[in-house]
Amino acid sequence: MKVLLWGDKMGEEYYLTEEQKIQQEIEKEEKKEKKKKSKVRKFVWIGIIVGIVLFALQLAYEWLYSQYGVTQRKPVLYLYPEETTEVVARLDFNGKLTTTYPKYVDGWKVVAEPDGTLTDESGKTYNYLYWEGESTTKFDMSEGFCVKGEDTAEFLEDALEKLGLTRREANEFIVYWLPLMENNNYNVISFQTDAYEENAKLFIDPNPDTVIRVFMTWYGSKKPVELPSQTLTAPERNGFVVVEWGGGEVRP
């Protein structure tokens, strides 16, 4: 049996057998299948490329962190209002928060007492707000102090007093950091201000009257290192006082 088909040009006639017609249909289906496979291959390649890019970004971050990264350890935040006050504290950290306590969810909301006791919405009490994070901020170690490991406790007691910490706050600072530092031959220590505050911006509502932020960067050294000394000062504590201390070990 023959089928009459009209071509694109007027008057042209094409005759196909049933077998040829069936073959045409098969070819059409094969083309459709090829298109589908082509789309699948495109999606597979896109997935591979995205995976490679993400992996490269991860490697880049790990390299940057290996060169400049600092784990900002145990910054703790004390709140001392003049009277019982509901306080919201938020942190704009240029890095990755790794640990917070109580849990940081778009900030902390607590009721603060004049003695520093903090109570969250569930009724749990805390001495301070705690966070820890990783960043690739480059800190300036060109000024500071080189201290023998065995003299680190005495040095920190003196330095932290000058920086405005109370005896209780300084004690909590020292018992955290001293075990990591006292067995080194020397410790090169620098107290950061601008770089740290730019890297970890702190927002408190209501606004405090006095803010004291102490962030120590340091590294151990087998030999003494000569560097210009920093001048350590602190504002006078007045009104609603906010105090934060923390630190990080850097690479020389």
# chains A, B, ... in the order shown; residues from 1 in each chain; ligands from 1
>>> residues_around(residues="region 175-178 of chain A", least_positions_apart="6", cutoff="9 Å", atoms="only C-alpha atoms", output="ChimeraX atom specification")
/A:74,152-153,156,247
>>> residues_around(residues="Leu165 (chain A)", least_positions_apart="5", cutoff="8 Å", atoms="only C-alpha atoms", output="list in words")
Leu160, Ala170 and Val243 of chain A
>>> select_by_dssp(residues="region 101-159 of chain A", states="helix (DSSP H, G or I)", output="ChimeraX atom specification")
/A:149-159
>>> write_last_selection(atoms="C-alpha atoms", output="PDB file, in the first residue's frame")
ATOM      1  CA  GLY A 149      55.716  31.573  79.791  1.00  0.00           C
ATOM      2  CA  GLU A 150      56.330  31.345  83.525  1.00  0.00           C
ATOM      3  CA  ASP A 151      55.513  35.069  83.916  1.00  0.00           C
ATOM      4  CA  THR A 152      52.263  34.961  81.930  1.00  0.00           C
ATOM      5  CA  ALA A 153      49.879  34.868  84.909  1.00  0.00           C
ATOM      6  CA  GLU A 154      51.498  37.857  86.579  1.00  0.00           C
ATOM      7  CA  PHE A 155      51.559  39.774  83.300  1.00  0.00           C
ATOM      8  CA  LEU A 156      47.864  39.092  82.594  1.00  0.00           C
ATOM      9  CA  GLU A 157      46.817  40.135  86.095  1.00  0.00           C
ATOM     10  CA  ASP A 158      48.471  43.512  85.591  1.00  0.00           C
ATOM     11  CA  ALA A 159      47.363  43.984  81.959  1.00  0.00           C
TER      12      ALA A 159
END
>>> atom_distance(atom1="CA of Ile174 (chain A)", atom2="CA of Trp218 (chain A)")
13.6 Å
>>> residues_around(residues="Gly164 (chain A)", least_positions_apart="3", cutoff="9 Å", atoms="only C-alpha atoms", output="list in words")
Ala159, Leu160, Glu161, Ile212, Val214, Thr233, Ala234, Pro235, Glu236, Arg237 and Val243 of chain A
>>> write_last_selection(atoms="N, CA and C atoms", output="mmCIF file, in the first residue's frame")
data_model
loop_
_atom_site.group_PDB
_atom_site.id
_atom_site.type_symbol
_atom_site.label_atom_id
_atom_site.label_comp_id
_atom_site.auth_asym_id
_atom_site.auth_seq_id
_atom_site.Cartn_x
_atom_site.Cartn_y
_atom_site.Cartn_z
ATOM 1 N N ALA A 159 47.905 43.447 83.206
ATOM 2 C CA ALA A 159 47.363 43.984 81.959
ATOM 3 C C ALA A 159 45.843 44.079 81.999
ATOM 4 N N LEU A 160 45.194 43.064 82.526
ATOM 5 C CA LEU A 160 43.735 43.048 82.531
ATOM 6 C C LEU A 160 43.168 44.094 83.484
ATOM 7 N N GLU A 161 43.879 44.359 84.556
ATOM 8 C CA GLU A 161 43.448 45.438 85.452
ATOM 9 C C GLU A 161 43.505 46.783 84.722
ATOM 10 N N ILE A 212 33.470 47.843 77.507
ATOM 11 C CA ILE A 212 34.869 47.427 77.602
ATOM 12 C C ILE A 212 34.998 46.092 76.869
ATOM 13 N N VAL A 214 37.844 43.405 75.543
ATOM 14 C CA VAL A 214 39.245 42.987 75.618
ATOM 15 C C VAL A 214 39.412 41.727 74.776
ATOM 16 N N THR A 233 44.812 51.034 78.378
ATOM 17 C CA THR A 233 43.927 51.925 79.129
ATOM 18 C C THR A 233 42.511 51.376 79.087
ATOM 19 N N ALA A 234 41.643 51.956 79.896
ATOM 20 C CA ALA A 234 40.240 51.545 79.926
ATOM 21 C C ALA A 234 39.371 52.726 80.311
ATOM 22 N N PRO A 235 38.117 52.771 79.833
ATOM 23 C CA PRO A 235 37.210 53.835 80.266
ATOM 24 C C PRO A 235 36.759 53.598 81.704
ATOM 25 N N GLU A 236 36.329 54.647 82.351
ATOM 26 C CA GLU A 236 35.777 54.513 83.704
ATOM 27 C C GLU A 236 34.398 53.873 83.607
ATOM 28 N N ARG A 237 34.109 52.989 84.535
ATOM 29 C CA ARG A 237 32.801 52.311 84.528
ATOM 30 C C ARG A 237 31.730 53.245 85.097
ATOM 31 N N VAL A 243 30.789 44.377 79.399
ATOM 32 C CA VAL A 243 32.187 43.933 79.350
ATOM 33 C C VAL A 243 32.261 42.648 78.527
#
>>> select_by_dssp(residues="region 14-243 of chain A", states="strand (DSSP E or B)", output="VMD selection string")
chain A and resid 14 to 17 70 to 80 85 to 93 96 to 101 108 to 112 118 to 119 125 to 126 129 to 135 145 to 148 186 to 192 200 to 205 210 to 221 241 to 243
>>> closest_residue(among="A:Thr117, A:Tyr130, A:Pro228, A:Phe43", to="Lys103 (chain A)", atoms="only C-alpha atoms")
A:Tyr130
>>> atom_distance(atom1="CA of Phe215 (chain A)", atom2="CA of Glu182 (chain A)")
18.3 Å
>>> residues_around(residues="Glu121 (chain A)", least_positions_apart="5", cutoff="10 Å", atoms="only C-alpha atoms", output="list in words")
Trp108, Lys109, Val110 and Val111 of chain A
>>> residues_around(residues="Val76 (chain A)", least_positions_apart="2", cutoff="7 Å", atoms="only C-alpha atoms", output="PDB file with N, CA and C atoms, in the first residue's frame")
ATOM      1  N   LYS A  74      36.097  31.745  73.255  1.00  0.00           N
ATOM      2  CA  LYS A  74      35.412  32.141  74.468  1.00  0.00           C
ATOM      3  C   LYS A  74      35.264  33.643  74.659  1.00  0.00           C
ATOM      4  N   TYR A  78      29.449  40.141  79.588  1.00  0.00           N
ATOM      5  CA  TYR A  78      28.829  40.446  80.876  1.00  0.00           C
ATOM      6  C   TYR A  78      27.946  41.692  80.715  1.00  0.00           C
ATOM      7  N   TYR A 128      27.128  34.891  82.116  1.00  0.00           N
ATOM      8  CA  TYR A 128      27.495  35.681  80.942  1.00  0.00           C
ATOM      9  C   TYR A 128      26.955  35.002  79.689  1.00  0.00           C
ATOM     10  N   LEU A 129      27.039  35.695  78.579  1.00  0.00           N
ATOM     11  CA  LEU A 129      26.687  35.154  77.264  1.00  0.00           C
ATOM     12  C   LEU A 129      27.984  34.720  76.582  1.00  0.00           C
ATOM     13  N   TYR A 130      27.963  33.560  75.978  1.00  0.00           N
ATOM     14  CA  TYR A 130      29.188  32.972  75.430  1.00  0.00           C
ATOM     15  C   TYR A 130      29.049  32.715  73.936  1.00  0.00           C
ATOM     16  N   TRP A 131      30.124  33.029  73.194  1.00  0.00           N
ATOM     17  CA  TRP A 131      30.163  32.655  71.782  1.00  0.00           C
ATOM     18  C   TRP A 131      31.592  32.325  71.378  1.00  0.00           C
ATOM     19  N   GLU A 244      33.266  42.571  77.674  1.00  0.00           N
ATOM     20  CA  GLU A 244      33.493  41.354  76.896  1.00  0.00           C
ATOM     21  C   GLU A 244      34.982  41.049  76.882  1.00  0.00           C
ATOM     22  N   TRP A 245      35.316  39.777  77.032  1.00  0.00           N
ATOM     23  CA  TRP A 245      36.704  39.382  76.848  1.00  0.00           C
ATOM     24  C   TRP A 245      36.768  38.095  76.032  1.00  0.00           C
ATOM     25  N   GLY A 246      37.877  37.954  75.319  1.00  0.00           N
ATOM     26  CA  GLY A 246      38.100  36.752  74.508  1.00  0.00           C
ATOM     27  C   GLY A 246      39.518  36.752  73.994  1.00  0.00           C
TER      28      GLY A 246
END
>>> residues_around(residues="Gly144 (chain A)", least_positions_apart="3", cutoff="8 Å", atoms="only C-alpha atoms", output="ChimeraX atom specification")
/A:141,188-191,227-230
>>> atom_distance(atom1="CA of Asp115 (chain A)", atom2="CA of Arg168 (chain A)")
11.9 Å
